Amino acid sequence: MGTDFEAGAVLLFDKPLRWTSFDLVKKVRGITRVKKVGHAGTLDPLATGLLIICTGKKTKEIDTFQAQIKEYTGTFFIGATTPCYDMEQPVDKVYETAHITEEMIRETAKQFTGSIDQTPPPHSAVKVDGKRAYDLARAGKEVAVKSRTIEIETFEITGIALPVVSFRVVCSKGTYIRSLAHDFGKALGSGAYLSSLVRTRIGEFRLDDAITIDAFSEQHSKSK
């Protein structure tokens, strides 16, 4: 017997690079032939890793999953910025990095733990006057996104090979790792953008237990 996707399923996927979260939702909807399909927390197109997708009656639990602690690993590029704070757009400014030491990087990271105010990127899904910030930004309009209080439980520097810094972050719902990269560059007296990102955990759900969309499609076809 196959899974009853109408009754509800919680599926763990490793989101492919350059796919939007909704691309994956649409693919699951097509494979399962279930109308009610949703994801529990957006991953940007250039991020990979754990994306929880719920079907049928399990979509009622999406808010619960979204509220849980997230864990990410990735890299920052130090010495430049982009308008979207990641690699989706080209570099717009280059900054000096000669003054930056390993000790400075590790000490600066300590400023970004606990409860902090963070402003989402101009190119984000948050709404400004009823419109998505990224739609306004792409139209060339000035975007005034309000800051919010987030919680960063862990911000660990796991490797330094300038201009690239590797990290691990454990944080609350609503945290933008792109904004963390941008703010981290500023705090170093330079600039930075997010150069890679993998979501490794949502609450007790782990990337190690996720499957690819290709593997899911194959499993589903065999279960028919």
# chains A, B, ... in the order shown; residues from 1 in each chain; ligands from 1

$ residues_around --residues "region 2-12 of chain A" --least-positions-apart "6" --cutoff "6 Å" --atoms "only C-alpha atoms" --output "list in words"
Ile52, Ile53, Cys54, Thr55, Gly56, Lys57, Lys58, Ala210 and Ser223 of chain A

$ residues_around --residues "region 160-163 of chain A" --least-positions-apart "4" --cutoff "8 Å" --atoms "only C-alpha atoms" --output "count of residues only"
4

$ closest_atom_pairs --of "region 150-196 of chain A" --to "region 85-101 of chain A" --cutoff "6 Å" --atoms "only C-alpha atoms" --output "CSV"
residue,atom,partner,partner_atom,distance
A:Arg178,CA,A:Tyr85,CA,5.3
A:Ser190,CA,A:Tyr95,CA,5.3
A:Gly191,CA,A:Tyr95,CA,5.9
A:Tyr193,CA,A:Tyr85,CA,4.9
A:Leu194,CA,A:Asp86,CA,4.5
A:Ser195,CA,A:Asp86,CA,6.0

$ atom_distance --atom1 "CA of His182 (chain A)" --atom2 "CA of Pro120 (chain A)"
10.2 Å

$ closest_atom_pairs --of "region 99-215 of chain A" --to "region 37-45 of chain A" --cutoff "12 Å" --atoms "only C-alpha atoms" --output "CSV"
residue,atom,partner,partner_atom,distance
A:Pro121,CA,A:Asp44,CA,12.0
A:His123,CA,A:Asp44,CA,10.6
A:Ser124,CA,A:Asp44,CA,9.2
A:Ala125,CA,A:Thr42,CA,9.2
A:Val126,CA,A:Thr42,CA,11.6
A:Ser172,CA,A:Gly41,CA,11.6
A:Lys173,CA,A:Gly41,CA,8.5
A:Gly174,CA,A:Gly41,CA,9.2
A:Thr175,CA,A:Gly41,CA,10.9
A:Tyr176,CA,A:Leu43,CA,10.1
A:Ile177,CA,A:Asp44,CA,10.3
A:Arg178,CA,A:Asp44,CA,9.7
A:Leu194,CA,A:Asp44,CA,11.2
A:Ser196,CA,A:Asp44,CA,10.6
A:Leu197,CA,A:Asp44,CA,9.1
A:Val198,CA,A:Leu43,CA,9.1
A:Arg199,CA,A:Leu43,CA,8.2
A:Thr200,CA,A:Leu43,CA,11.7
A:Arg201,CA,A:Gly41,CA,11.6
A:Ile202,CA,A:Gly41,CA,9.2
A:Gly203,CA,A:Ala40,CA,11.5
A:Phe205,CA,A:Ala40,CA,11.7

$ closest_residue --among "A:Ile105, A:Val170, A:Val164, A:Ile152" --to "Lys186 (chain A)" --atoms "only C-alpha atoms"
A:Ile105

$ atom_distance --atom1 "CA of Glu71 (chain A)" --atom2 "CA of Leu50 (chain A)"
9.6 Å
